[in-house]
file upload_5.cif (mmCIF, C-alpha atoms (C1' of nucleotides))
data_final
#
loop_
_atom_site.label_atom_id
_atom_site.label_comp_id
_atom_site.auth_asym_id
_atom_site.auth_seq_id
_atom_site.Cartn_x
_atom_site.Cartn_y
_atom_site.Cartn_z
CA MET A 1 13.04 34.73 -3.00
CA ALA A 2 9.89 34.51 -0.91
CA GLU A 3 9.70 38.22 -0.17
CA ASN A 4 6.50 39.78 0.95
CA SER A 5 4.71 41.73 3.60
CA PHE A 6 1.26 40.58 4.51
CA GLY A 7 -2.25 41.47 3.60
CA GLY A 8 -2.23 41.72 -0.20
CA GLU A 9 -1.06 38.53 -1.83
CA GLY A 10 1.54 38.08 0.84
CA LEU A 11 1.87 34.66 2.41
CA LEU A 12 -1.47 33.41 1.22
CA TYR A 13 0.17 30.23 0.04
CA LEU A 14 1.19 29.38 3.59
CA THR A 15 -2.24 29.40 5.17
CA ASP A 16 -3.44 26.13 6.65
CA GLU A 17 -6.10 26.00 3.99
CA GLN A 18 -3.59 26.34 1.18
CA LEU A 19 -1.34 23.78 2.78
CA ARG A 20 -4.22 21.37 3.06
CA LYS A 21 -4.92 21.83 -0.62
CA GLY A 22 -1.31 21.00 -1.33
CA ILE A 23 -1.56 17.88 0.78
CA GLU A 24 -4.65 16.69 -1.03
CA ALA A 25 -3.13 17.53 -4.39
CA MET A 26 -0.21 15.30 -3.49
CA PHE A 27 -2.59 12.51 -2.54
CA PHE A 28 -4.69 12.63 -5.68
CA ALA A 29 -1.78 13.23 -8.01
CA TYR A 30 0.13 10.28 -6.64
CA ARG A 31 -2.83 8.11 -7.48
CA GLY A 32 -2.64 9.24 -11.06
CA PHE A 33 1.08 8.84 -11.04
CA THR A 34 0.89 5.14 -10.23
CA ALA A 35 -2.33 4.36 -12.08
CA ASP A 36 -0.95 3.54 -15.52
CA PRO A 37 1.86 1.19 -14.50
CA ASP A 38 -0.49 -0.48 -12.04
CA ARG A 39 -2.95 -1.10 -14.82
CA ILE A 40 -0.27 -2.63 -17.01
CA LEU A 41 1.00 -4.82 -14.21
CA GLU A 42 -2.33 -6.19 -13.11
CA GLY A 43 -2.68 -9.64 -14.51
CA MET A 44 1.07 -10.03 -14.76
CA ASP A 45 2.91 -11.76 -11.97
CA TYR A 46 4.47 -8.49 -10.89
CA GLY A 47 3.37 -5.50 -8.89
CA ARG A 48 4.35 -2.02 -7.92
CA ALA A 49 7.31 -3.23 -5.92
CA HIS A 50 8.71 -4.97 -8.99
CA HIS A 51 8.20 -1.84 -11.01
CA ARG A 52 10.27 0.16 -8.59
CA ALA A 53 13.11 -2.34 -8.60
CA VAL A 54 13.10 -2.57 -12.38
CA HIS A 55 13.06 1.19 -12.67
CA PHE A 56 16.13 1.73 -10.55
CA ILE A 57 18.04 -1.18 -12.04
CA ASN A 58 17.36 0.27 -15.45
CA ARG A 59 18.52 3.72 -14.48
CA SER A 60 21.68 2.41 -12.80
CA PRO A 61 22.69 -0.83 -14.49
CA GLY A 62 25.11 -2.80 -12.38
CA THR A 63 23.85 -1.33 -9.15
CA THR A 64 24.23 -3.59 -6.14
CA VAL A 65 21.60 -5.07 -3.87
CA GLY A 66 22.78 -2.81 -1.08
CA ASN A 67 22.42 0.28 -3.21
CA LEU A 68 18.93 -0.72 -4.10
CA LEU A 69 18.09 -1.27 -0.46
CA ASP A 70 19.16 2.28 0.34
CA ILE A 71 17.19 3.77 -2.52
CA LEU A 72 14.00 1.80 -2.03
CA GLY A 73 14.04 2.00 1.74
CA VAL A 74 12.71 -1.48 2.40
CA THR A 75 14.16 -4.45 4.23
CA LYS A 76 16.43 -6.87 2.47
CA GLN A 77 13.90 -9.64 3.02
CA SER A 78 11.29 -7.64 1.25
CA LEU A 79 13.56 -6.68 -1.60
CA ASN A 80 14.84 -10.21 -1.88
CA ARG A 81 11.40 -11.60 -2.46
CA VAL A 82 10.96 -9.12 -5.26
CA LEU A 83 14.34 -9.81 -6.82
CA ARG A 84 13.80 -13.54 -6.65
CA THR A 85 10.67 -13.36 -8.74
CA LEU A 86 12.43 -11.04 -11.17
CA PHE A 87 15.28 -13.55 -11.52
CA ASP A 88 12.81 -16.39 -11.94
CA GLY A 89 10.92 -14.46 -14.56
CA GLY A 90 14.12 -13.77 -16.40
CA LEU A 91 13.78 -10.00 -16.17
CA VAL A 92 16.86 -9.33 -14.07
CA GLU A 93 20.21 -11.02 -13.76
CA ALA A 94 22.84 -10.72 -11.05
CA ARG A 95 26.56 -10.87 -11.65
CA VAL A 96 29.06 -11.42 -8.89
CA GLY A 97 31.25 -8.37 -8.35
CA LYS A 98 34.67 -8.39 -9.99
CA LYS A 99 36.30 -6.28 -7.31
CA ASP A 100 34.25 -7.33 -4.33
CA LYS A 101 32.88 -10.80 -4.87
CA ARG A 102 30.32 -10.40 -2.10
CA GLU A 103 28.40 -7.87 -4.14
CA ARG A 104 25.78 -8.75 -6.73
CA HIS A 105 25.49 -6.36 -9.62
CA LEU A 106 22.05 -6.19 -11.11
CA TYR A 107 21.17 -5.87 -14.77
CA LEU A 108 17.98 -6.02 -16.77
CA THR A 109 17.75 -8.70 -19.40
CA GLU A 110 16.25 -7.90 -22.76
CA LYS A 111 12.93 -9.07 -21.42
CA GLY A 112 13.39 -6.84 -18.39
CA ARG A 113 14.18 -3.86 -20.55
CA ALA A 114 11.04 -4.50 -22.55
CA LEU A 115 8.84 -4.42 -19.48
CA GLU A 116 10.65 -1.39 -18.12
CA ARG A 117 10.06 0.41 -21.38
CA GLU A 118 6.40 -0.43 -21.38
CA LEU A 119 5.94 0.80 -17.84
CA SER A 120 8.01 3.93 -18.12
CA ASP A 121 6.50 4.84 -21.46
CA ALA A 122 3.11 4.89 -19.81
CA GLN A 123 4.31 6.81 -16.80
CA ARG A 124 6.27 9.28 -18.87
CA ALA A 125 3.31 9.85 -21.15
CA ARG A 126 1.24 11.07 -18.24
CA MET A 127 4.11 13.13 -16.91
CA ARG A 128 4.73 14.62 -20.32
CA ALA A 129 1.10 15.57 -20.73
CA ALA A 130 1.08 17.22 -17.32
CA TYR A 131 4.32 19.05 -18.02
CA ARG A 132 3.10 20.21 -21.38
CA ALA A 133 -0.17 21.43 -19.96
CA ALA A 134 1.51 23.24 -17.10
CA GLY A 135 4.43 24.80 -18.94
CA PRO A 136 8.14 25.08 -18.14
CA GLN A 137 7.75 27.64 -15.37
CA ALA A 138 5.36 25.41 -13.48
CA VAL A 139 7.56 22.39 -14.03
CA GLN A 140 10.46 24.23 -12.50
CA GLY A 141 8.36 25.04 -9.44
CA PHE A 142 7.03 21.52 -9.23
CA ARG A 143 10.52 20.11 -9.06
CA THR A 144 11.65 22.70 -6.54
CA VAL A 145 8.84 21.99 -4.12
CA LEU A 146 9.16 18.22 -4.44
CA GLU A 147 12.83 18.40 -3.69
CA ALA A 148 12.19 20.54 -0.65
CA MET A 149 9.67 18.00 0.57
CA MET A 150 12.10 15.07 0.64
CA ASP A 151 13.94 13.87 3.69
CA PRO A 152 17.50 15.19 3.57
CA GLU A 153 18.94 11.74 2.99
CA MET A 154 16.57 11.06 0.14
CA ARG A 155 17.33 14.47 -1.31
CA ARG A 156 21.00 13.58 -1.37
CA GLN A 157 20.20 10.28 -3.04
CA PHE A 158 18.11 12.09 -5.55
CA GLN A 159 20.57 14.82 -6.29
CA GLY A 160 23.41 12.34 -6.44
CA MET A 161 21.59 10.58 -9.26
CA LYS A 162 21.16 13.88 -11.09
CA ASP A 163 22.77 13.10 -14.41
CA SER A 164 23.75 9.53 -15.15
CA GLY A 165 23.58 6.58 -12.87
CA GLN A 166 26.25 4.82 -10.85
CA MET B 1 2.48 29.64 -22.01
CA ALA B 2 4.69 26.78 -23.15
CA GLU B 3 6.13 28.64 -26.12
CA ASN B 4 9.49 27.72 -27.52
CA SER B 5 11.48 26.60 -30.47
CA PHE B 6 14.13 24.01 -29.87
CA GLY B 7 17.83 23.97 -29.24
CA GLY B 8 18.36 26.72 -26.67
CA GLU B 9 16.30 26.15 -23.55
CA GLY B 10 13.39 24.99 -25.63
CA LEU B 11 11.59 21.83 -24.58
CA LEU B 12 14.39 20.60 -22.41
CA TYR B 13 11.88 19.85 -19.69
CA LEU B 14 10.15 17.32 -21.90
CA THR B 15 13.12 15.09 -22.60
CA ASP B 16 12.86 11.53 -21.34
CA GLU B 17 15.67 12.28 -18.94
CA GLN B 18 13.85 15.24 -17.45
CA LEU B 19 10.65 13.28 -17.22
CA ARG B 20 12.46 10.49 -15.45
CA LYS B 21 13.78 13.00 -12.95
CA GLY B 22 10.24 14.17 -12.38
CA ILE B 23 9.09 10.62 -11.82
CA GLU B 24 11.79 9.97 -9.28
CA ALA B 25 11.14 13.28 -7.58
CA MET B 26 7.53 12.22 -7.16
CA PHE B 27 8.63 8.93 -5.68
CA PHE B 28 11.06 10.36 -3.15
CA ALA B 29 8.89 13.31 -2.25
CA TYR B 30 5.90 11.10 -1.55
CA ARG B 31 8.00 9.19 0.91
CA GLY B 32 8.73 12.40 2.76
CA PHE B 33 5.12 13.40 2.49
CA THR B 34 3.91 10.34 4.39
CA ALA B 35 6.88 9.95 6.71
CA ASP B 36 5.79 12.18 9.60
CA PRO B 37 2.22 10.92 10.01
CA ASP B 38 3.48 7.36 9.65
CA ARG B 39 5.94 7.94 12.44
CA ILE B 40 3.24 9.32 14.69
CA LEU B 41 0.90 6.44 13.92
CA GLU B 42 3.38 3.66 14.47
CA GLY B 43 2.69 2.17 17.85
CA MET B 44 -0.89 3.36 17.76
CA ASP B 45 -3.58 0.98 16.60
CA TYR B 46 -4.03 2.99 13.43
CA GLY B 47 -2.22 3.28 10.13
CA ARG B 48 -2.09 5.28 6.96
CA ALA B 49 -5.53 4.14 5.91
CA HIS B 50 -7.01 5.53 9.12
CA HIS B 51 -5.19 8.77 8.60
CA ARG B 52 -6.75 9.20 5.19
CA ALA B 53 -10.23 8.52 6.48
CA VAL B 54 -9.81 10.88 9.39
CA HIS B 55 -8.43 13.56 7.11
CA PHE B 56 -11.39 13.56 4.77
CA ILE B 57 -13.97 13.27 7.53
CA ASN B 58 -12.37 16.27 9.16
CA ARG B 59 -12.39 18.31 5.97
CA SER B 60 -15.99 17.37 5.20
CA PRO B 61 -17.84 16.72 8.45
CA GLY B 62 -21.05 14.83 7.86
CA THR B 63 -19.81 13.22 4.70
CA THR B 64 -21.37 9.85 3.97
CA VAL B 65 -19.74 6.46 3.67
CA GLY B 66 -20.44 6.49 -0.04
CA ASN B 67 -18.74 9.84 -0.50
CA LEU B 68 -15.72 8.58 1.31
CA LEU B 69 -15.62 5.51 -0.89
CA ASP B 70 -15.50 7.70 -3.98
CA ILE B 71 -12.78 9.92 -2.63
CA LEU B 72 -10.57 7.21 -1.22
CA GLY B 73 -11.05 4.84 -4.12
CA VAL B 74 -11.11 1.63 -2.09
CA THR B 75 -13.72 -1.06 -1.65
CA LYS B 76 -16.41 -0.75 0.96
CA GLN B 77 -15.05 -3.82 2.72
CA SER B 78 -11.69 -2.17 3.03
CA LEU B 79 -13.09 1.13 4.20
CA ASN B 80 -15.43 -0.62 6.56
CA ARG B 81 -12.60 -2.29 8.37
CA VAL B 82 -11.00 1.10 8.85
CA LEU B 83 -14.19 2.81 9.99
CA ARG B 84 -15.00 0.05 12.42
CA THR B 85 -11.74 0.50 14.27
CA LEU B 86 -12.27 4.26 14.26
CA PHE B 87 -15.72 3.80 15.79
CA ASP B 88 -14.36 1.37 18.32
CA GLY B 89 -11.57 3.73 19.20
CA GLY B 90 -14.08 6.52 19.66
CA LEU B 91 -12.48 8.74 17.01
CA VAL B 92 -15.40 8.83 14.62
CA GLU B 93 -19.13 8.65 15.03
CA ALA B 94 -21.85 7.95 12.51
CA ARG B 95 -25.29 9.52 12.52
CA VAL B 96 -28.19 8.17 10.56
CA GLY B 97 -29.25 10.54 7.81
CA LYS B 98 -32.19 12.84 8.52
CA LYS B 99 -33.36 12.99 4.94
CA ASP B 100 -32.23 9.61 3.78
CA LYS B 101 -32.08 7.19 6.66
CA ARG B 102 -29.96 4.72 4.72
CA GLU B 103 -27.02 7.09 4.80
CA ARG B 104 -24.52 7.36 7.61
CA HIS B 105 -23.01 10.76 8.17
CA LEU B 106 -19.55 10.69 9.64
CA TYR B 107 -18.11 13.06 12.21
CA LEU B 108 -14.93 13.21 14.22
CA THR B 109 -15.29 13.12 17.96
CA GLU B 110 -13.15 15.40 20.10
CA LYS B 111 -10.65 12.58 20.35
CA GLY B 112 -10.72 12.18 16.60
CA ARG B 113 -10.12 15.85 16.08
CA ALA B 114 -7.16 15.68 18.42
CA LEU B 115 -5.51 12.94 16.41
CA GLU B 116 -6.33 14.65 13.16
CA ARG B 117 -4.72 17.80 14.44
CA GLU B 118 -1.60 16.00 15.51
CA LEU B 119 -1.24 14.29 12.16
CA SER B 120 -2.03 17.25 9.99
CA ASP B 121 0.15 19.56 12.05
CA ALA B 122 3.07 17.33 11.27
CA GLN B 123 2.22 17.00 7.63
CA ARG B 124 1.55 20.70 7.24
CA ALA B 125 4.81 21.56 8.95
CA ARG B 126 6.73 19.73 6.29
CA MET B 127 4.63 21.21 3.55
CA ARG B 128 5.04 24.68 4.98
CA ALA B 129 8.80 24.31 5.16
CA ALA B 130 8.92 23.12 1.57
CA TYR B 131 6.64 25.93 0.40
CA ARG B 132 8.65 28.51 2.27
CA ALA B 133 11.92 27.22 0.88
CA ALA B 134 10.58 27.11 -2.65
CA GLY B 135 8.68 30.38 -2.76
CA PRO B 136 5.23 31.31 -4.05
CA GLN B 137 6.10 31.05 -7.73
CA ALA B 138 7.26 27.49 -7.29
CA VAL B 139 4.24 26.62 -5.20
CA GLN B 140 1.99 27.82 -7.96
CA GLY B 141 3.80 25.60 -10.43
CA PHE B 142 3.76 22.66 -8.06
CA ARG B 143 0.01 22.84 -7.75
CA THR B 144 -0.48 23.27 -11.46
CA VAL B 145 1.54 20.21 -12.38
CA LEU B 146 -0.02 18.05 -9.69
CA GLU B 147 -3.47 18.95 -10.86
CA ALA B 148 -2.56 18.11 -14.44
CA MET B 149 -1.28 14.75 -13.30
CA MET B 150 -4.55 13.61 -11.74
CA ASP B 151 -7.10 11.43 -13.44
CA PRO B 152 -9.93 13.61 -14.71
CA GLU B 153 -12.39 12.20 -12.18
CA MET B 154 -10.05 12.84 -9.31
CA ARG B 155 -9.35 16.32 -10.61
CA ARG B 156 -13.04 17.02 -10.50
CA GLN B 157 -13.23 15.66 -6.97
CA PHE B 158 -10.29 17.83 -6.03
CA GLN B 159 -11.55 20.99 -7.65
CA GLY B 160 -15.01 20.39 -6.31
CA MET B 161 -13.57 20.47 -2.82
CA LYS B 162 -11.79 23.73 -3.58
CA ASP B 163 -13.14 25.93 -0.84
CA SER B 164 -15.21 24.29 1.87
CA GLY B 165 -16.28 20.72 2.13
CA GLN B 166 -19.59 18.95 1.56
"C1'" DT C 1 43.09 -14.93 11.56
"C1'" DT C 2 39.32 -12.77 12.88
"C1'" DG C 3 35.56 -9.42 12.81
"C1'" DG C 4 32.47 -7.18 10.05
"C1'" DA C 5 30.19 -6.46 5.51
"C1'" DA C 6 27.16 -8.07 1.69
"C1'" DT C 7 24.00 -11.19 0.64
"C1'" DG C 8 20.50 -15.01 0.85
"C1'" DT C 9 16.92 -17.45 3.19
"C1'" DC C 10 13.40 -19.53 6.42
"C1'" DA C 11 9.49 -18.47 9.25
"C1'" DA C 12 5.93 -15.78 11.05
"C1'" DC C 13 3.23 -11.88 11.13
"C1'" DA C 14 0.66 -7.26 10.03
"C1'" DA C 15 -1.50 -3.74 7.20
"C1'" DG C 16 -4.33 -2.84 3.78
"C1'" DG C 17 -5.80 -3.86 -0.57
"C1'" DC C 18 -9.17 -7.26 -3.25
"C1'" DT C 19 -13.40 -10.51 -4.65
"C1'" DG C 20 -17.63 -12.92 -3.75
"C1'" DA C 21 -21.69 -13.70 -1.28
"C1'" DC C 22 -25.28 -12.51 1.67
"C1'" DG C 23 -28.43 -9.54 4.65
"C1'" DT C 24 -31.23 -5.52 5.94
"C1'" DA C 25 -33.48 -1.26 5.91
"C1'" DA C 26 -35.09 2.45 3.36
"C1'" DA C 27 -36.03 4.87 -0.83
"C1'" DT C 28 -37.76 4.76 -5.41
"C1'" DT C 29 -40.31 3.28 -9.15
"C1'" DA C 30 -43.42 0.47 -11.84
"C1'" DT D 1 -48.97 -1.72 -3.22
"C1'" DA D 2 -45.31 -4.60 -4.92
"C1'" DA D 3 -40.95 -4.94 -6.90
"C1'" DT D 4 -36.56 -3.10 -7.42
"C1'" DT D 5 -32.65 -0.40 -6.31
"C1'" DT D 6 -29.66 1.98 -3.16
"C1'" DA D 7 -26.71 2.51 0.95
"C1'" DC D 8 -24.59 0.18 4.07
"C1'" DG D 9 -22.68 -3.73 6.93
"C1'" DT D 10 -20.42 -8.18 7.37
"C1'" DC D 11 -18.32 -12.89 6.89
"C1'" DA D 12 -14.69 -15.42 4.67
"C1'" DG D 13 -10.69 -15.87 2.13
"C1'" DC D 14 -6.96 -14.33 -0.68
"C1'" DC D 15 -2.89 -11.31 -2.36
"C1'" DT D 16 0.91 -7.97 -2.15
"C1'" DT D 17 4.17 -5.84 0.25
"C1'" DG D 18 5.91 -4.43 4.18
"C1'" DT D 19 7.99 -5.95 9.01
"C1'" DT D 20 11.24 -8.77 12.76
"C1'" DG D 21 14.21 -12.29 14.11
"C1'" DA D 22 17.42 -15.83 13.40
"C1'" DC D 23 20.93 -18.13 10.94
"C1'" DA D 24 24.42 -19.32 7.05
"C1'" DT D 25 27.81 -18.16 3.56
"C1'" DT D 26 31.29 -15.77 1.43
"C1'" DC D 27 34.67 -12.53 1.31
"C1'" DC D 28 37.21 -8.18 2.47
"C1'" DA D 29 40.28 -5.91 5.50
"C1'" DA D 30 42.79 -4.91 9.59
#
call {"tool": "encode", "arguments": {"input": "upload_5.cif", "output": "structure tokens"}}
result
Amino acid sequence: MAENSFGGEGLLYLTDEQLRKGIEAMFFAYRGFTADPDRILEGMDYGRAHHRAVHFINRSPGTTVGNLLDILGVTKQSLNRVLRTLFDGGLVEARVGKKDKRERHLYLTEKGRALERELSDAQRARMRAAYRAAGPQAVQGFRTVLEAMMDPEMRRQFQGMKDSGQ
Amino acid sequence: MAENSFGGEGLLYLTDEQLRKGIEAMFFAYRGFTADPDRILEGMDYGRAHHRAVHFINRSPGTTVGNLLDILGVTKQSLNRVLRTLFDGGLVEARVGKKDKRERHLYLTEKGRALERELSDAQRARMRAAYRAAGPQAVQGFRTVLEAMMDPEMRRQFQGMKDSGQ
DNA sequence: TTGGAATGTCAACAAGGCTGACGTAAATTA
DNA sequence: TAATTTACGTCAGCCTTGTTGACATTCCAA
């Protein structure tokens, strides 16, 4: 797909300067990406880490603590602190596994779903606006590049979650 | 550009499900984006915050502390802690402004440039690989969507820096 | 029955954000 | 000229979210 000679338009997009622009675009865009949920969360007893946990529990109800550890890429101690406050706040509940009783399956409560909705509505609104402004072609490219930027393991995680959860 | 009816291919890319995929792609890709510099920095006395400062000083030599505050979006206390260690480590130097003596203009030393090069080489390598794999069309779309995702102020910052620095 | 897996937890620490308060020099303005 | 504002630095303390290390429990599986 990336045919070309050189000179004309060629590999212009691979110059150091263009790559630097891409790097900075990532930096600034990520700020926007997290800005709305952060705003909603400030003042609440939760933060970005809780948002992430709630997000992935919502998208894969019944997921286990171990699964979540793999996806979030943090230590169990760190995740545990987050989960504990979510339990205490009544946003998440854990059910002992039927098959394997060592596992804890995680579910959002109604309250948890409400917060998740609030956060993801805000985040989706920004994403939707960006998608709409950019158009379907651009969106396709956006997704392609992001996927190519992931670590292979993360890419597998991501692709594995393609359609539904679990 | 974003013409369409509905049904066929239509606005598929604006469904909540597609938007959620975009959100998760952002999340996982950003991890990859920061992974290489983070790896290089671990063990050194510097972290991600130092990387950011060094990056923007490199791209705009002579930039002032105030400029950097705007771009990085942190408090002066936070930035100051970072700059102090960069001064101490001999990576950055500050020169009193010629016109306005209240301002400090920031420059990388040779040592600072060396670290910057090491970090940005790694980050660019990943970006280059992703760009190459995705192709120029996709790269165009990637940049378009990212730009649309920024806060307006940040977008101005970003576009203002389009070509050179300062 | 025994080793390893899945989970929880205590303690201590580090990075990198934040607020508030205060100080100083230099520019600007009344 | 005097007062105010700007640009910057700094001290102190706090919060969130990440880390390591150590240890306990429960349960699956060979």
call {"tool": "atom_distance", "arguments": {"input": "upload_5.cif", "atom1": "atom CA of Leu12 of chain B", "atom2": "atom CA of Gln137 of chain A"}}
result
12.0 Å
call {"tool": "resolve_selection", "arguments": {"input": "upload_5.cif", "expression": "the PyMOL selection byres ((chain A) within 6 of (chain B))", "output": "JSON list (two decimals) with C-alpha atoms, keeping the file's coordinate frame"}}
result
[["chain", "number", "residue", "atom", "x", "y", "z"],
["A", 2, "ALA", "CA", 9.89, 34.51, -0.91],
["A", 29, "ALA", "CA", -1.78, 13.23, -8.01],
["A", 32, "GLY", "CA", -2.64, 9.24, -11.06],
["A", 130, "ALA", "CA", 1.08, 17.22, -17.32],
["A", 134, "ALA", "CA", 1.51, 23.24, -17.10],
["A", 135, "GLY", "CA", 4.43, 24.80, -18.94],
["A", 138, "ALA", "CA", 5.36, 25.41, -13.48],
["A", 141, "GLY", "CA", 8.36, 25.04, -9.44],
["A", 142, "PHE", "CA", 7.03, 21.52, -9.23],
["A", 144, "THR", "CA", 11.65, 22.70, -6.54],
["A", 145, "VAL", "CA", 8.84, 21.99, -4.12],
["A", 146, "LEU", "CA", 9.16, 18.22, -4.44],
["A", 148, "ALA", "CA", 12.19, 20.54, -0.65],
["A", 149, "MET", "CA", 9.67, 18.00, 0.57],
["A", 150, "MET", "CA", 12.10, 15.07, 0.64],
["A", 151, "ASP", "CA", 13.94, 13.87, 3.69]]
call {"tool": "resolve_selection", "arguments": {"input": "upload_5.cif", "expression": "the PyMOL selection byres ((chain A) within 8 of (chain D))", "output": "PDB file with C-alpha atoms, in the coordinates of the input"}}
result
ATOM      1  CA  GLY A  47       3.370  -5.500  -8.890  1.00  0.00           C
ATOM      2  CA  ALA A  49       7.310  -3.230  -5.920  1.00  0.00           C
ATOM      3  CA  VAL A  74      12.710  -1.480   2.400  1.00  0.00           C
ATOM      4  CA  THR A  75      14.160  -4.450   4.230  1.00  0.00           C
ATOM      5  CA  SER A  78      11.290  -7.640   1.250  1.00  0.00           C
ATOM      6  CA  ASP A 100      34.250  -7.330  -4.330  1.00  0.00           C
ATOM      7  CA  LYS A 101      32.880 -10.800  -4.870  1.00  0.00           C
ATOM      8  CA  ARG A 102      30.320 -10.400  -2.100  1.00  0.00           C
TER       9      ARG A 102
END
call {"tool": "closest_atom_pairs", "arguments": {"input": "upload_5.cif", "of": "chain C", "to": "chain A", "cutoff": "12 Å", "atoms": "only C-alpha atoms (C1' of nucleotides)", "output": "Markdown table"}}
result
| residue | atom | partner | partner_atom | distance |
| --- | --- | --- | --- | --- |
| C:DA5 | C1' | A:Arg102 | CA | 8.6 |
| C:DA6 | C1' | A:Arg102 | CA | 5.5 |
| C:DT7 | C1' | A:Arg102 | CA | 6.9 |
| C:DG8 | C1' | A:Asn80 | CA | 7.9 |
| C:DT9 | C1' | A:Gln77 | CA | 8.4 |
| C:DC10 | C1' | A:Gln77 | CA | 10.5 |
| C:DA11 | C1' | A:Gln77 | CA | 11.7 |
call {"tool": "write_last_selection", "arguments": {"input": "upload_5.cif", "atoms": "C-alpha atoms (C1' of nucleotides)", "output": "PDB file, in the coordinates of the input"}}
result
ATOM      1  C1'  DA C   5      30.190  -6.460   5.510  1.00  0.00           C
ATOM      2  C1'  DA C   6      27.160  -8.070   1.690  1.00  0.00           C
ATOM      3  C1'  DT C   7      24.000 -11.190   0.640  1.00  0.00           C
ATOM      4  C1'  DG C   8      20.500 -15.010   0.850  1.00  0.00           C
ATOM      5  C1'  DT C   9      16.920 -17.450   3.190  1.00  0.00           C
ATOM      6  C1'  DC C  10      13.400 -19.530   6.420  1.00  0.00           C
ATOM      7  C1'  DA C  11       9.490 -18.470   9.250  1.00  0.00           C
TER       8       DA C  11
END
call {"tool": "build_atoms", "arguments": {"input": "upload_5.cif", "residues": "segment 48-62 of chain A", "atoms": "N, CA and C atoms", "output": "PDB file, keeping the file's coordinate frame"}}
result
ATOM      1  N   ARG A  48       3.723  -3.322  -8.002  1.00  0.00           N
ATOM      2  CA  ARG A  48       4.350  -2.020  -7.920  1.00  0.00           C
ATOM      3  C   ARG A  48       5.787  -2.127  -7.389  1.00  0.00           C
ATOM      4  N   ALA A  49       5.978  -3.061  -6.498  1.00  0.00           N
ATOM      5  CA  ALA A  49       7.310  -3.230  -5.920  1.00  0.00           C
ATOM      6  C   ALA A  49       8.303  -3.670  -6.993  1.00  0.00           C
ATOM      7  N   HIS A  50       7.845  -4.533  -7.891  1.00  0.00           N
ATOM      8  CA  HIS A  50       8.710  -4.970  -8.990  1.00  0.00           C
ATOM      9  C   HIS A  50       9.002  -3.816  -9.934  1.00  0.00           C
ATOM     10  N   HIS A  51       8.010  -3.006 -10.153  1.00  0.00           N
ATOM     11  CA  HIS A  51       8.200  -1.840 -11.010  1.00  0.00           C
ATOM     12  C   HIS A  51       9.324  -0.960 -10.470  1.00  0.00           C
ATOM     13  N   ARG A  52       9.263  -0.708  -9.183  1.00  0.00           N
ATOM     14  CA  ARG A  52      10.270   0.160  -8.590  1.00  0.00           C
ATOM     15  C   ARG A  52      11.667  -0.416  -8.749  1.00  0.00           C
ATOM     16  N   ALA A  53      11.794  -1.695  -8.473  1.00  0.00           N
ATOM     17  CA  ALA A  53      13.110  -2.340  -8.600  1.00  0.00           C
ATOM     18  C   ALA A  53      13.593  -2.242 -10.040  1.00  0.00           C
ATOM     19  N   VAL A  54      12.736  -2.596 -10.961  1.00  0.00           N
ATOM     20  CA  VAL A  54      13.100  -2.570 -12.380  1.00  0.00           C
ATOM     21  C   VAL A  54      13.494  -1.157 -12.810  1.00  0.00           C
ATOM     22  N   HIS A  55      12.753  -0.202 -12.330  1.00  0.00           N
ATOM     23  CA  HIS A  55      13.060   1.190 -12.670  1.00  0.00           C
ATOM     24  C   HIS A  55      14.485   1.564 -12.278  1.00  0.00           C
ATOM     25  N   PHE A  56      14.827   1.266 -11.035  1.00  0.00           N
ATOM     26  CA  PHE A  56      16.130   1.730 -10.550  1.00  0.00           C
ATOM     27  C   PHE A  56      17.284   0.875 -11.072  1.00  0.00           C
ATOM     28  N   ILE A  57      17.000  -0.374 -11.394  1.00  0.00           N
ATOM     29  CA  ILE A  57      18.040  -1.180 -12.040  1.00  0.00           C
ATOM     30  C   ILE A  57      18.276  -0.656 -13.450  1.00  0.00           C
ATOM     31  N   ASN A  58      17.213  -0.267 -14.094  1.00  0.00           N
ATOM     32  CA  ASN A  58      17.360   0.270 -15.450  1.00  0.00           C
ATOM     33  C   ASN A  58      18.142   1.582 -15.465  1.00  0.00           C
ATOM     34  N   ARG A  59      17.880   2.407 -14.480  1.00  0.00           N
ATOM     35  CA  ARG A  59      18.520   3.720 -14.480  1.00  0.00           C
ATOM     36  C   ARG A  59      19.969   3.633 -14.008  1.00  0.00           C
ATOM     37  N   SER A  60      20.310   2.591 -13.283  1.00  0.00           N
ATOM     38  CA  SER A  60      21.680   2.410 -12.800  1.00  0.00           C
ATOM     39  C   SER A  60      22.106   0.966 -13.005  1.00  0.00           C
ATOM     40  N   PRO A  61      22.338   0.566 -14.229  1.00  0.00           N
ATOM     41  CA  PRO A  61      22.690  -0.830 -14.490  1.00  0.00           C
ATOM     42  C   PRO A  61      23.954  -1.196 -13.726  1.00  0.00           C
ATOM     43  N   GLY A  62      23.950  -2.369 -13.147  1.00  0.00           N
ATOM     44  CA  GLY A  62      25.110  -2.800 -12.380  1.00  0.00           C
ATOM     45  C   GLY A  62      25.063  -2.385 -10.925  1.00  0.00           C
TER      46      GLY A  62
END
